[in-house]
file start_13.cif (mmCIF, C-alpha atoms)
data_run
#
loop_
_atom_site.label_atom_id
_atom_site.label_comp_id
_atom_site.auth_asym_id
_atom_site.auth_seq_id
_atom_site.Cartn_x
_atom_site.Cartn_y
_atom_site.Cartn_z
CA MET A 1 -103.20 65.74 -41.26
CA LEU A 2 -101.69 69.21 -41.19
CA LYS A 3 -104.31 71.70 -40.02
CA LYS A 4 -105.15 75.08 -41.53
CA ARG A 5 -104.09 77.80 -39.11
CA VAL A 6 -106.30 80.55 -37.71
CA ILE A 7 -104.04 83.39 -36.65
CA ALA A 8 -104.90 86.37 -34.47
CA CYS A 9 -102.90 89.53 -35.06
CA MET A 10 -102.32 92.35 -32.62
CA ASP A 11 -100.95 95.70 -33.73
CA ILE A 12 -98.93 97.12 -30.85
CA GLN A 13 -98.34 100.79 -30.13
CA ASN A 14 -96.58 101.83 -26.90
CA GLY A 15 -97.29 98.40 -25.41
CA GLU A 16 -101.02 98.44 -26.22
CA VAL A 17 -103.10 96.70 -28.89
CA VAL A 18 -104.55 98.97 -31.55
CA LYS A 19 -106.11 98.35 -34.94
CA GLY A 20 -106.09 100.68 -37.90
CA ILE A 21 -108.86 100.77 -40.46
CA ASN A 22 -107.19 100.85 -43.89
CA PHE A 23 -103.88 101.43 -42.07
CA VAL A 24 -104.95 104.84 -40.61
CA ASP A 25 -107.36 106.14 -37.94
CA ILE A 26 -106.25 103.99 -35.02
CA GLN A 27 -108.60 102.83 -32.24
CA ARG A 28 -107.80 101.17 -28.88
CA ALA A 29 -108.55 97.50 -28.38
CA GLY A 30 -106.75 96.35 -25.25
CA ASP A 31 -103.94 94.86 -23.23
CA PRO A 32 -101.77 92.50 -25.33
CA ILE A 33 -101.16 89.88 -22.62
CA ALA A 34 -104.83 89.66 -21.64
CA LEU A 35 -105.89 89.48 -25.27
CA ALA A 36 -103.20 86.90 -26.11
CA LYS A 37 -104.32 84.67 -23.23
CA ARG A 38 -107.91 84.90 -24.43
CA TYR A 39 -106.82 83.74 -27.89
CA VAL A 40 -104.85 80.81 -26.44
CA ASP A 41 -107.97 79.74 -24.51
CA GLU A 42 -110.05 80.04 -27.67
CA ALA A 43 -107.61 77.74 -29.55
CA ALA A 44 -106.11 80.30 -31.91
CA ASP A 45 -103.27 78.46 -33.65
CA GLU A 46 -100.72 81.25 -33.66
CA LEU A 47 -100.39 84.89 -32.69
CA VAL A 48 -98.72 87.77 -34.51
CA PHE A 49 -97.61 90.97 -32.78
CA LEU A 50 -96.77 93.89 -35.04
CA ASP A 51 -95.09 96.91 -33.47
CA ILE A 52 -96.58 99.65 -35.63
CA THR A 53 -94.56 102.50 -34.15
CA ALA A 54 -91.20 100.70 -34.11
CA THR A 55 -89.00 103.57 -32.98
CA VAL A 56 -85.64 103.19 -31.24
CA GLU A 57 -87.07 104.11 -27.83
CA ASN A 58 -89.91 101.62 -28.28
CA ARG A 59 -87.50 98.78 -29.07
CA LYS A 60 -86.79 98.06 -25.38
CA THR A 61 -90.50 98.17 -24.55
CA LEU A 62 -91.11 95.64 -27.31
CA ILE A 63 -88.35 93.29 -26.06
CA GLY A 64 -89.88 93.50 -22.56
CA LEU A 65 -93.33 92.77 -23.92
CA VAL A 66 -92.03 89.79 -25.96
CA SER A 67 -90.43 88.26 -22.81
CA GLU A 68 -93.68 88.74 -20.92
CA ILE A 69 -95.73 87.14 -23.73
CA ALA A 70 -93.28 84.21 -23.97
CA SER A 71 -93.49 83.55 -20.23
CA GLN A 72 -97.31 83.35 -20.32
CA ILE A 73 -98.22 81.97 -23.74
CA ASN A 74 -97.77 78.34 -24.84
CA ILE A 75 -98.48 78.64 -28.58
CA PRO A 76 -96.19 80.01 -31.31
CA PHE A 77 -95.98 83.74 -31.93
CA THR A 78 -94.38 86.01 -34.51
CA VAL A 79 -93.09 89.50 -33.82
CA GLY A 80 -92.66 92.16 -36.49
CA GLY A 81 -92.43 95.88 -37.03
CA GLY A 82 -89.35 97.91 -37.81
CA ILE A 83 -86.88 95.00 -37.70
CA SER A 84 -83.97 96.13 -39.86
CA THR A 85 -80.95 94.12 -38.69
CA GLN A 86 -79.99 90.53 -37.94
CA GLU A 87 -79.13 91.63 -34.36
CA GLN A 88 -82.65 92.93 -33.75
CA ALA A 89 -84.08 89.64 -34.98
CA ILE A 90 -81.76 87.67 -32.69
CA ASP A 91 -82.71 89.86 -29.70
CA LEU A 92 -86.42 89.19 -30.27
CA VAL A 93 -85.91 85.43 -30.63
CA ARG A 94 -83.74 85.42 -27.48
CA ALA A 95 -86.56 87.23 -25.67
CA GLY A 96 -88.89 84.36 -26.68
CA ALA A 97 -90.35 85.14 -30.11
CA ASP A 98 -90.72 82.02 -32.28
CA LYS A 99 -90.51 83.91 -35.57
CA VAL A 100 -89.66 87.42 -36.65
CA SER A 101 -91.30 89.20 -39.52
CA VAL A 102 -89.49 91.69 -41.76
CA ASN A 103 -91.04 93.96 -44.33
CA SER A 104 -89.64 97.37 -45.42
CA ALA A 105 -86.06 96.57 -44.40
CA ALA A 106 -86.09 93.45 -46.58
CA ILE A 107 -87.27 95.55 -49.52
CA LYS A 108 -84.31 97.89 -49.00
CA HIS A 109 -81.81 95.11 -48.24
CA PRO A 110 -83.10 91.72 -49.43
CA GLU A 111 -79.99 90.01 -47.99
CA LEU A 112 -81.50 90.65 -44.52
CA VAL A 113 -83.81 87.66 -45.14
CA SER A 114 -80.82 85.35 -45.74
CA GLU A 115 -78.96 86.77 -42.75
CA ILE A 116 -81.88 85.97 -40.44
CA ALA A 117 -82.46 82.53 -41.99
CA GLU A 118 -78.78 81.59 -41.71
CA VAL A 119 -78.46 82.34 -38.02
CA LEU A 120 -81.99 81.56 -36.77
CA GLY A 121 -83.18 79.08 -39.41
CA SER A 122 -85.70 79.64 -42.21
CA GLN A 123 -88.58 78.76 -39.89
CA CYS A 124 -87.86 81.99 -37.96
CA ALA A 125 -87.74 84.21 -41.03
CA VAL A 126 -91.17 85.51 -41.99
CA VAL A 127 -91.47 88.11 -44.74
CA ALA A 128 -94.54 90.34 -44.52
CA ILE A 129 -95.69 91.71 -47.86
CA ASP A 130 -98.17 94.58 -48.10
CA THR A 131 -99.72 94.52 -51.54
CA LYS A 132 -102.09 96.84 -53.40
CA TYR A 133 -103.89 96.35 -56.72
CA GLU A 134 -103.48 99.38 -58.98
CA ASP A 135 -103.38 99.71 -62.77
CA ASP A 136 -103.89 95.98 -63.41
CA GLU A 137 -101.05 94.88 -61.14
CA TRP A 138 -100.48 93.90 -57.49
CA TRP A 139 -97.66 96.18 -56.28
CA VAL A 140 -95.58 95.80 -53.13
CA TYR A 141 -95.80 98.69 -50.69
CA SER A 142 -93.30 99.52 -47.96
CA ALA A 143 -93.25 101.66 -44.82
CA GLY A 144 -96.55 100.33 -43.44
CA GLY A 145 -98.36 100.85 -46.73
CA ARG A 146 -97.18 104.44 -47.28
CA ILE A 147 -94.63 103.99 -50.08
CA LYS A 148 -95.28 102.26 -53.40
CA THR A 149 -92.31 100.24 -54.66
CA ALA A 150 -91.43 99.04 -58.15
CA LEU A 151 -91.77 95.41 -57.01
CA LYS A 152 -94.48 93.15 -58.36
CA THR A 153 -95.95 90.99 -55.59
CA VAL A 154 -95.51 87.50 -57.09
CA GLU A 155 -91.92 88.27 -58.18
CA TRP A 156 -91.04 89.61 -54.73
CA ALA A 157 -92.63 86.57 -53.04
CA LYS A 158 -90.51 84.22 -55.20
CA GLN A 159 -87.39 86.25 -54.45
CA VAL A 160 -87.83 86.14 -50.66
CA ALA A 161 -88.56 82.40 -50.80
CA ASN A 162 -85.27 81.93 -52.66
CA LEU A 163 -83.49 84.07 -50.08
CA GLY A 164 -84.54 81.63 -47.35
CA ALA A 165 -87.81 83.02 -46.00
CA GLY A 166 -89.75 80.31 -44.15
CA GLU A 167 -93.16 81.93 -44.49
CA ILE A 168 -94.94 84.82 -46.23
CA LEU A 169 -97.53 86.99 -44.51
CA LEU A 170 -99.47 88.55 -47.38
CA THR A 171 -101.71 91.54 -46.62
CA SER A 172 -103.93 93.03 -49.29
CA MET A 173 -104.24 96.75 -48.61
CA ASN A 174 -107.30 96.91 -50.85
CA ASN A 175 -109.08 94.41 -48.60
CA ASP A 176 -107.67 95.32 -45.19
CA GLY A 177 -110.36 96.76 -42.91
CA THR A 178 -113.17 96.24 -45.45
CA LYS A 179 -114.59 92.99 -43.98
CA ALA A 180 -115.38 92.03 -47.59
CA GLY A 181 -113.18 88.93 -47.66
CA PHE A 182 -109.54 88.05 -48.35
CA ALA A 183 -107.94 88.92 -51.71
CA LEU A 184 -108.37 85.43 -53.14
CA ASP A 185 -106.73 86.13 -56.52
CA ILE A 186 -103.34 87.42 -55.32
CA THR A 187 -103.31 85.01 -52.36
CA ALA A 188 -103.86 82.07 -54.73
CA GLU A 189 -101.22 83.36 -57.12
CA VAL A 190 -98.56 83.86 -54.44
CA ALA A 191 -99.34 80.59 -52.65
CA SER A 192 -98.99 78.68 -55.92
CA ALA A 193 -95.79 80.49 -56.92
CA VAL A 194 -93.81 79.59 -53.78
CA ASN A 195 -93.22 76.35 -51.89
CA ILE A 196 -93.29 77.92 -48.40
CA PRO A 197 -96.34 78.56 -46.19
CA VAL A 198 -98.43 81.64 -47.04
CA ILE A 199 -100.69 83.40 -44.53
CA ALA A 200 -103.57 85.39 -46.01
CA SER A 201 -104.31 88.69 -44.32
CA GLY A 202 -106.66 91.62 -44.79
CA GLY A 203 -110.41 91.65 -45.32
CA ALA A 204 -111.82 88.87 -43.13
CA GLY A 205 -115.34 89.81 -42.11
CA ASN A 206 -117.14 86.51 -41.63
CA ILE A 207 -116.65 82.75 -41.36
CA GLU A 208 -117.32 82.19 -45.07
CA HIS A 209 -114.27 84.32 -45.91
CA PHE A 210 -112.00 81.92 -44.02
CA ALA A 211 -113.58 78.92 -45.72
CA ASP A 212 -113.06 80.62 -49.11
CA VAL A 213 -109.38 81.36 -48.59
CA PHE A 214 -108.68 77.81 -47.37
CA THR A 215 -110.57 76.10 -50.21
CA LYS A 216 -109.79 78.46 -53.12
CA THR A 217 -106.09 79.12 -52.41
CA LYS A 218 -103.12 77.15 -51.07
CA ALA A 219 -102.77 79.52 -48.09
CA THR A 220 -102.14 77.43 -44.96
CA GLY A 221 -103.01 80.21 -42.53
CA ALA A 222 -105.50 83.05 -42.39
CA LEU A 223 -105.07 86.07 -40.18
CA ALA A 224 -107.43 88.61 -38.72
CA ALA A 225 -107.33 91.24 -36.00
CA SER A 226 -110.26 93.50 -35.14
CA ILE A 227 -113.03 90.99 -35.90
CA PHE A 228 -111.45 88.73 -33.27
CA HIS A 229 -110.61 91.57 -30.84
CA TYR A 230 -114.16 92.88 -30.81
CA GLY A 231 -115.68 89.39 -30.73
CA GLU A 232 -117.43 89.75 -34.11
CA ILE A 233 -116.17 86.26 -34.94
CA SER A 234 -115.52 83.77 -32.14
CA ILE A 235 -112.56 81.51 -32.95
CA PRO A 236 -114.17 78.33 -31.50
CA GLN A 237 -117.30 78.92 -33.60
CA LEU A 238 -115.18 79.71 -36.68
CA LYS A 239 -113.29 76.44 -36.25
CA GLN A 240 -116.45 74.41 -35.72
CA GLU A 241 -117.97 75.78 -38.92
CA LEU A 242 -114.76 75.15 -40.86
CA ARG A 243 -114.81 71.56 -39.57
CA ASN A 244 -118.44 71.26 -40.74
CA LYS A 245 -117.18 72.23 -44.20
CA ASN A 246 -114.54 69.47 -44.04
CA ILE A 247 -111.69 71.94 -43.64
CA SER A 248 -109.13 70.42 -41.32
CA VAL A 249 -108.54 72.62 -38.26
CA ARG A 250 -107.29 72.02 -34.73
CA MET B 1 -83.42 70.41 -10.92
CA ILE B 2 -84.15 70.26 -14.66
CA ALA B 3 -81.12 71.19 -16.76
CA ILE B 4 -81.64 72.77 -20.16
CA LEU B 5 -78.59 72.45 -22.36
CA LYS B 6 -77.11 75.80 -23.30
CA TYR B 7 -75.67 75.95 -26.79
CA ASN B 8 -75.80 78.12 -29.89
CA ALA B 9 -79.44 77.41 -30.74
CA GLY B 10 -82.59 79.43 -30.16
CA ASN B 11 -85.77 78.64 -28.26
CA VAL B 12 -84.09 77.80 -24.95
CA GLN B 13 -86.18 80.45 -23.19
CA SER B 14 -89.54 79.00 -24.27
CA VAL B 15 -88.71 75.50 -23.01
CA GLY B 16 -87.61 76.93 -19.66
CA ASN B 17 -90.82 78.97 -19.39
CA ALA B 18 -92.98 75.92 -20.11
CA ILE B 19 -91.23 73.78 -17.48
CA GLN B 20 -91.39 76.54 -14.89
CA ARG B 21 -95.13 76.87 -15.50
CA LEU B 22 -95.38 73.19 -14.46
CA GLY B 23 -93.73 74.08 -11.13
CA TYR B 24 -90.18 72.78 -11.69
CA ASP B 25 -86.89 74.62 -11.21
CA THR B 26 -84.77 74.93 -14.33
CA VAL B 27 -81.21 75.89 -15.08
CA VAL B 28 -79.85 76.72 -18.51
CA THR B 29 -76.30 75.41 -18.48
CA ASP B 30 -73.35 73.92 -20.34
CA ASN B 31 -71.58 73.04 -17.07
CA VAL B 32 -70.69 69.33 -17.12
CA GLU B 33 -71.23 68.72 -13.40
CA VAL B 34 -74.61 70.46 -13.38
CA LEU B 35 -75.72 68.47 -16.44
CA LYS B 36 -74.56 65.16 -14.91
CA SER B 37 -76.30 65.74 -11.59
CA ALA B 38 -79.61 67.12 -12.95
CA ASP B 39 -82.78 65.01 -12.48
CA LYS B 40 -83.63 65.41 -16.15
CA VAL B 41 -81.90 67.05 -19.09
CA ILE B 42 -83.64 68.86 -21.95
CA PHE B 43 -81.79 69.25 -25.24
CA PRO B 44 -83.82 71.92 -27.03
CA GLY B 45 -83.11 73.71 -30.23
CA VAL B 46 -84.10 75.70 -33.21
CA GLY B 47 -81.28 76.36 -35.61
CA GLU B 48 -78.96 74.83 -38.14
CA ALA B 49 -77.59 71.30 -37.59
CA SER B 50 -73.95 71.50 -38.70
CA SER B 51 -73.13 74.73 -36.81
CA ALA B 52 -74.90 73.46 -33.69
CA MET B 53 -72.98 70.17 -33.85
CA ALA B 54 -69.66 71.96 -34.36
CA TYR B 55 -70.39 74.07 -31.27
CA LEU B 56 -71.13 70.95 -29.16
CA VAL B 57 -67.97 69.13 -30.31
CA GLU B 58 -65.77 72.19 -29.74
CA ARG B 59 -66.83 72.27 -26.08
CA GLY B 60 -66.77 68.52 -25.50
CA LEU B 61 -70.54 68.54 -24.95
CA ASP B 62 -71.05 65.73 -27.49
CA LYS B 63 -69.38 63.26 -25.14
CA VAL B 64 -71.17 64.70 -22.09
CA ILE B 65 -74.58 64.22 -23.74
CA ARG B 66 -73.79 60.63 -24.84
CA ASP B 67 -72.78 59.72 -21.26
CA LEU B 68 -75.91 61.08 -19.55
CA THR B 69 -77.81 58.38 -17.62
CA GLN B 70 -80.92 60.28 -16.44
CA PRO B 71 -83.92 60.83 -18.76
CA VAL B 72 -82.96 63.18 -21.61
CA LEU B 73 -85.47 64.87 -23.93
CA GLY B 74 -84.33 66.18 -27.31
CA ILE B 75 -86.69 68.68 -28.95
CA CYS B 76 -86.71 69.51 -32.69
CA LEU B 77 -83.08 70.22 -33.64
CA GLY B 78 -82.11 68.53 -30.33
CA MET B 79 -83.83 65.37 -31.59
CA GLN B 80 -82.15 65.59 -34.98
CA LEU B 81 -78.70 65.97 -33.40
CA LEU B 82 -79.28 62.78 -31.38
CA CYS B 83 -79.58 60.84 -34.66
CA THR B 84 -76.64 59.47 -36.70
CA SER B 85 -76.42 62.16 -39.35
CA SER B 86 -78.28 65.06 -40.93
CA GLU B 87 -78.49 66.19 -44.53
CA GLU B 88 -78.57 69.75 -43.16
CA GLY B 89 -74.99 70.93 -43.69
CA ASN B 90 -73.99 67.22 -43.89
CA ALA B 91 -73.75 67.16 -40.12
CA GLU B 92 -72.67 64.10 -38.20
CA GLY B 93 -74.99 63.46 -35.24
CA LEU B 94 -74.45 62.11 -31.74
CA GLY B 95 -75.61 58.66 -32.85
CA ILE B 96 -77.83 57.86 -29.87
CA PHE B 97 -80.61 56.98 -32.31
CA ASP B 98 -79.82 54.93 -35.37
CA ASN B 99 -81.95 57.20 -37.61
CA GLU B 100 -80.91 59.47 -40.43
CA VAL B 101 -82.20 63.01 -40.79
CA LYS B 102 -83.29 63.96 -44.31
CA LEU B 103 -84.66 66.99 -46.13
CA PHE B 104 -88.37 66.72 -47.01
CA PRO B 105 -88.92 66.20 -50.74
CA SER B 106 -90.42 69.36 -52.28
CA ASP B 107 -93.74 67.65 -53.26
CA ASP B 108 -95.54 69.89 -50.79
CA ILE B 109 -94.87 73.05 -48.79
CA VAL B 110 -91.57 72.97 -46.87
CA PRO B 111 -91.13 73.69 -43.96
CA HIS B 112 -93.79 71.44 -42.44
CA MET B 113 -95.30 74.21 -40.33
CA GLY B 114 -98.35 74.04 -38.12
CA TRP B 115 -100.46 71.70 -35.98
CA ASN B 116 -100.51 68.04 -36.89
CA ASP B 117 -101.60 64.75 -35.33
CA PHE B 118 -100.22 61.18 -35.51
CA SER B 119 -100.73 57.80 -37.12
CA LYS B 120 -99.12 55.98 -34.21
CA LEU B 121 -98.23 56.76 -30.57
CA GLU B 122 -96.84 54.60 -27.79
CA GLY B 123 -95.10 54.70 -24.44
CA ALA B 124 -95.05 56.65 -21.20
CA LEU B 125 -94.21 59.95 -22.89
CA PHE B 126 -97.68 59.94 -24.49
CA LYS B 127 -99.67 58.89 -21.41
CA GLU B 128 -103.22 60.30 -21.74
CA ILE B 129 -102.37 61.72 -25.19
CA LYS B 130 -104.36 60.52 -28.23
CA VAL B 131 -103.27 60.06 -31.87
CA THR B 132 -105.82 62.74 -32.78
CA ASP B 133 -104.21 65.36 -30.51
CA ASP B 134 -102.41 68.09 -32.46
CA PHE B 135 -98.90 69.30 -31.70
CA TYR B 136 -97.03 72.21 -33.26
CA PHE B 137 -94.39 71.24 -35.82
CA VAL B 138 -91.97 73.45 -37.70
CA HIS B 139 -89.13 71.75 -39.56
CA SER B 140 -87.69 71.11 -43.01
CA TYR B 141 -85.75 67.96 -42.10
CA TYR B 142 -87.18 64.74 -40.64
CA ALA B 143 -85.88 61.61 -38.88
CA THR B 144 -86.48 58.29 -40.65
CA LEU B 145 -88.46 55.43 -39.09
CA ASN B 146 -86.94 52.52 -37.19
CA GLU B 147 -87.43 50.43 -34.02
CA SER B 148 -86.83 53.51 -31.81
CA THR B 149 -89.82 55.29 -33.36
CA ILE B 150 -92.56 55.77 -30.74
CA ALA B 151 -94.69 58.26 -32.72
CA ILE B 152 -95.26 58.53 -36.46
CA ASN B 153 -96.42 61.62 -38.31
CA ASN B 154 -97.33 61.78 -41.99
CA TYR B 155 -96.28 64.85 -43.93
CA ILE B 156 -95.13 64.19 -47.50
CA VAL B 157 -93.56 61.01 -46.08
CA PRO B 158 -94.14 59.10 -42.82
CA PHE B 159 -91.42 60.10 -40.35
CA SER B 160 -90.46 59.76 -36.67
CA ALA B 161 -92.40 62.35 -34.66
CA ALA B 162 -90.84 60.87 -31.51
CA LEU B 163 -88.05 58.44 -30.65
CA GLN B 164 -87.02 56.53 -27.56
CA LYS B 165 -84.04 54.37 -26.72
CA GLY B 166 -83.12 53.66 -23.08
CA ASN B 167 -83.03 56.95 -21.17
CA PHE B 168 -83.08 59.04 -24.36
CA TYR B 169 -86.39 60.53 -25.57
CA ALA B 170 -86.84 62.89 -28.48
CA VAL B 171 -89.70 64.73 -30.18
CA GLN B 172 -89.76 66.54 -33.52
CA PHE B 173 -92.64 68.83 -32.53
CA HIS B 174 -92.49 71.62 -29.95
CA PRO B 175 -94.29 70.56 -26.75
CA GLU B 176 -93.47 73.96 -25.25
CA LYS B 177 -95.53 75.57 -28.03
CA SER B 178 -98.32 73.00 -28.22
CA GLY B 179 -100.80 74.39 -25.70
CA ARG B 180 -102.36 72.02 -23.16
CA VAL B 181 -101.35 68.71 -24.80
CA GLY B 182 -97.80 70.01 -25.02
CA GLU B 183 -97.80 70.69 -21.30
CA LEU B 184 -99.15 67.19 -20.70
CA LEU B 185 -96.27 65.66 -22.66
CA LEU B 186 -93.69 67.70 -20.76
CA LYS B 187 -95.36 66.68 -17.49
CA ASN B 188 -95.17 63.01 -18.56
CA PHE B 189 -91.45 63.42 -19.25
CA LEU B 190 -90.79 65.24 -15.98
CA GLU B 191 -92.59 62.46 -14.07
CA LEU B 192 -90.61 59.60 -15.69
#
call {"tool": "encode", "arguments": {"input": "start_13.cif", "output": "structure tokens"}}
result
Amino acid sequence: MLKKRVIACMDIQNGEVVKGINFVDIQRAGDPIALAKRYVDEAADELVFLDITATVENRKTLIGLVSEIASQINIPFTVGGGISTQEQAIDLVRAGADKVSVNSAAIKHPELVSEIAEVLGSQCAVVAIDTKYEDDEWWVYSAGGRIKTALKTVEWAKQVANLGAGEILLTSMNNDGTKAGFALDITAEVASAVNIPVIASGGAGNIEHFADVFTKTKATGALAASIFHYGEISIPQLKQELRNKNISVR
Amino acid sequence: MIAILKYNAGNVQSVGNAIQRLGYDTVVTDNVEVLKSADKVIFPGVGEASSAMAYLVERGLDKVIRDLTQPVLGICLGMQLLCTSSEEGNAEGLGIFDNEVKLFPSDDIVPHMGWNDFSKLEGALFKEIKVTDDFYFVHSYYATLNESTIAINNYIVPFSAALQKGNFYAVQFHPEKSGRVGELLLKNFLEL
């Protein structure tokens, strides 16, 4: 049976792991390689590295970090942050990334999703969607949650799936950093609207929240960052309790 | 020396890393003599079937692969290209395995992405590996079942998770991304 995936995310700035609370006010949390190895030992199913600065000068640092991660880590990992061309995606996959995640650049140029899928395969092409509930609608935000777009979340999710995305990483900005649980309504809506895997992100605060998102939505993965980094939830204990609830995990 | 076939597909780096972690020397190559004389050959791959096949044929690598006599391990797209044909881009395969490669029906989420276990396992490749062990899969196309099937996985339909015929071995999942059990499978192959 296909297992639900528990995914640990690391936000990277200048080669170090950081985590924002509601996308601002950044704190330090550690060395990415050391943290990644800890997650492999704890049986995390996948890792996500998001370069939150993503400037031209940081691009080389990121490629170097991706090679280092690939040489030491034997589970799949996704790299995202500031990827705006097919060439950048290819460079990251050559360096050892299993998947690349695009966000703002795909909003500007949706054909980027197809370009990545065509050359690297759909399974490499993750589209990250930052969504915020305002005025009775879930709107797509770009630029790391700074710019509101005119895109409605479910419509955008369907569009990227049609363009060849192999996975959607859906982050609710309303929930992110709150530890009050995943946004079950929009996650359920998106996961039912598309036929590709959806990862729920933003808001995990306890084990029950993971159980909820796996039982109440079709999301096949659930992602968290700081609660894992700071040891507030241990992944082995999370998985044991999910198993106790008859949720199939590795 | 373990040769990893160099062609226009991704993921070559990860396979090399995994084998080096097990203490073996690797070379990524499309040189015919190096491939022929290697102890083992790995045919990795993440990518699109018809363009990958065209690349192999253009360089005469299709014939080189068919004529290899040492143990060969196809991984993911590498496995699919060792079959007779693929629905992906209507590609013709190398025909080592008499299996067809088909697109999953859209009854469930496609691609099949994540950790999954087996309904059947057999042979030296799976020494000390149990049917309940999970490996990492990510694919939209699958190889049908036949007498070469040595592992079966169920996702939408039952399909070949691994194949073997003579010196040719192939796995649909990614052992290089499957943690400790993945390393065990690679070690089993390297010790054949």
call {"tool": "residues_around", "arguments": {"input": "start_13.cif", "residues": "Val101 in chain B", "least_positions_apart": "6", "cutoff": "12 Å", "atoms": "all atoms listed in the file", "output": "PyMOL selection string"}}
result
chain B and resi 49+76-95+139-145+159-161+172
call {"tool": "closest_atom_pairs", "arguments": {"input": "start_13.cif", "of": "chain B", "to": "chain A", "cutoff": "10 Å", "atoms": "all atoms listed in the file", "output": "tab-separated table"}}
result
residue	atom	partner	partner_atom	distance
B:Asn8	CA	A:Val119	CA	9.5
B:Ala9	CA	A:Leu120	CA	7.8
B:Gly10	CA	A:Arg94	CA	6.7
B:Asn11	CA	A:Gly96	CA	6.7
B:Val12	CA	A:Arg94	CA	8.0
B:Gln13	CA	A:Gly96	CA	5.9
B:Ser14	CA	A:Gly96	CA	5.9
B:Val15	CA	A:Gly96	CA	9.6
B:Gly16	CA	A:Ser71	CA	8.9
B:Asn17	CA	A:Ser71	CA	5.4
B:Ala18	CA	A:Asn74	CA	7.2
B:Gln20	CA	A:Ser71	CA	9.1
B:Arg21	CA	A:Ser71	CA	8.3
B:Val46	CA	A:Gly121	CA	7.1
B:Gly47	CA	A:Gly121	CA	5.0
B:Glu48	CA	A:Gly121	CA	6.1
B:Ala49	CA	A:Gly121	CA	9.8
B:Ser51	CA	A:Val119	CA	9.4
B:Ser106	CA	A:Asn195	CA	7.5
B:Asp107	CA	A:Asn195	CA	8.8
B:Asp108	CA	A:Asn195	CA	7.0
B:Ile109	CA	A:Asn195	CA	4.8
B:Val110	CA	A:Ile196	CA	5.5
B:Pro111	CA	A:Ile196	CA	6.5
B:His112	CA	A:Leu2	CA	8.3
B:Met113	CA	A:Pro197	CA	7.4
B:Gly114	CA	A:Leu2	CA	6.6
B:Trp115	CA	A:Lys3	CA	5.6
B:Asn116	CA	A:Leu2	CA	4.6
B:Asp117	CA	A:Met1	CA	6.2
B:Phe118	CA	A:Met1	CA	7.9
B:Ser119	CA	A:Met1	CA	9.3
B:Thr132	CA	A:Met1	CA	9.4
B:Asp133	CA	A:Arg250	CA	8.5
B:Asp134	CA	A:Arg250	CA	6.7
B:Phe135	CA	A:Arg250	CA	9.3
B:Tyr136	CA	A:Pro76	CA	8.1
B:Phe137	CA	A:Leu2	CA	9.3
B:Val138	CA	A:Gln123	CA	6.7
B:His139	CA	A:Gln123	CA	7.0
B:Ser140	CA	A:Gln123	CA	8.3
B:Asn153	CA	A:Met1	CA	8.5
B:Asn154	CA	A:Met1	CA	7.1
B:Tyr155	CA	A:Leu2	CA	7.5
B:His174	CA	A:Pro76	CA	9.3
B:Pro175	CA	A:Asn74	CA	8.7
B:Glu176	CA	A:Asn74	CA	6.2
B:Lys177	CA	A:Ile75	CA	4.3
B:Ser178	CA	A:Ile75	CA	5.7
B:Gly179	CA	A:Asn74	CA	5.1
B:Arg180	CA	A:Asn74	CA	8.0
B:Gly182	CA	A:Asn74	CA	8.3
B:Glu183	CA	A:Asn74	CA	8.4
call {"tool": "residues_around", "arguments": {"input": "start_13.cif", "residues": "range 148-154 of chain A", "least_positions_apart": "6", "cutoff": "10 Å", "atoms": "all atoms listed in the file", "output": "list of chain:residue names"}}
result
A:Ile107, A:Ile129, A:Asp130, A:Thr131, A:Lys132, A:Tyr133, A:Glu137, A:Trp138, A:Trp139, A:Val140, A:Tyr141, A:Ser142, A:Leu170, A:Ile186, A:Thr187, A:Glu189, A:Val190, A:Ala191, A:Ser192, A:Ala193, A:Val194
call {"tool": "residues_around", "arguments": {"input": "start_13.cif", "residues": "Ala106 in chain A", "least_positions_apart": "6", "cutoff": "8 Å", "atoms": "all atoms listed in the file", "output": "PDB file with C-alpha atoms, keeping the file's coordinate frame"}}
result
ATOM      1  CA  SER A  84     -83.970  96.130 -39.860  1.00  0.00           C
ATOM      2  CA  LEU A 112     -81.500  90.650 -44.520  1.00  0.00           C
ATOM      3  CA  VAL A 113     -83.810  87.660 -45.140  1.00  0.00           C
ATOM      4  CA  VAL A 127     -91.470  88.110 -44.740  1.00  0.00           C
TER       5      VAL A 127
END
call {"tool": "atom_distance", "arguments": {"input": "start_13.cif", "atom1": "CA of Ile152 in chain B", "atom2": "CA of Leu121 in chain B"}}
result
6.8 Å
call {"tool": "atom_distance", "arguments": {"input": "start_13.cif", "atom1": "CA of Met173 in chain A", "atom2": "CA of Thr217 in chain A"}}
result
18.1 Å
call {"tool": "atom_distance", "arguments": {"input": "start_13.cif", "atom1": "CA of Glu232 in chain A", "atom2": "CA of Gly82 in chain A"}}
result
29.5 Å
call {"tool": "resolve_selection", "arguments": {"input": "start_13.cif", "expression": "the PyMOL selection byres ((chain A and resi 223-230) around 10)", "output": "count of residues only"}}
result
45
call {"tool": "closest_residue", "arguments": {"input": "start_13.cif", "among": "B:Val32, B:Ala162, B:Ile42, B:Val131", "to": "Asp67 in chain B", "atoms": "all atoms listed in the file"}}
result
B:Val32
call {"tool": "resolve_selection", "arguments": {"input": "start_13.cif", "expression": "the PyMOL selection byres ((chain B and resi 125) around 8)", "output": "number ranges by chain"}}
result
B: 122-124, 126-127, 185, 188-189
call {"tool": "resolve_selection", "arguments": {"input": "start_13.cif", "expression": "the PyMOL selection byres ((chain A and resi 101) around 8)", "output": "PyMOL selection string"}}
result
chain A and resi 78-81+83+99-100+102-103+125-128
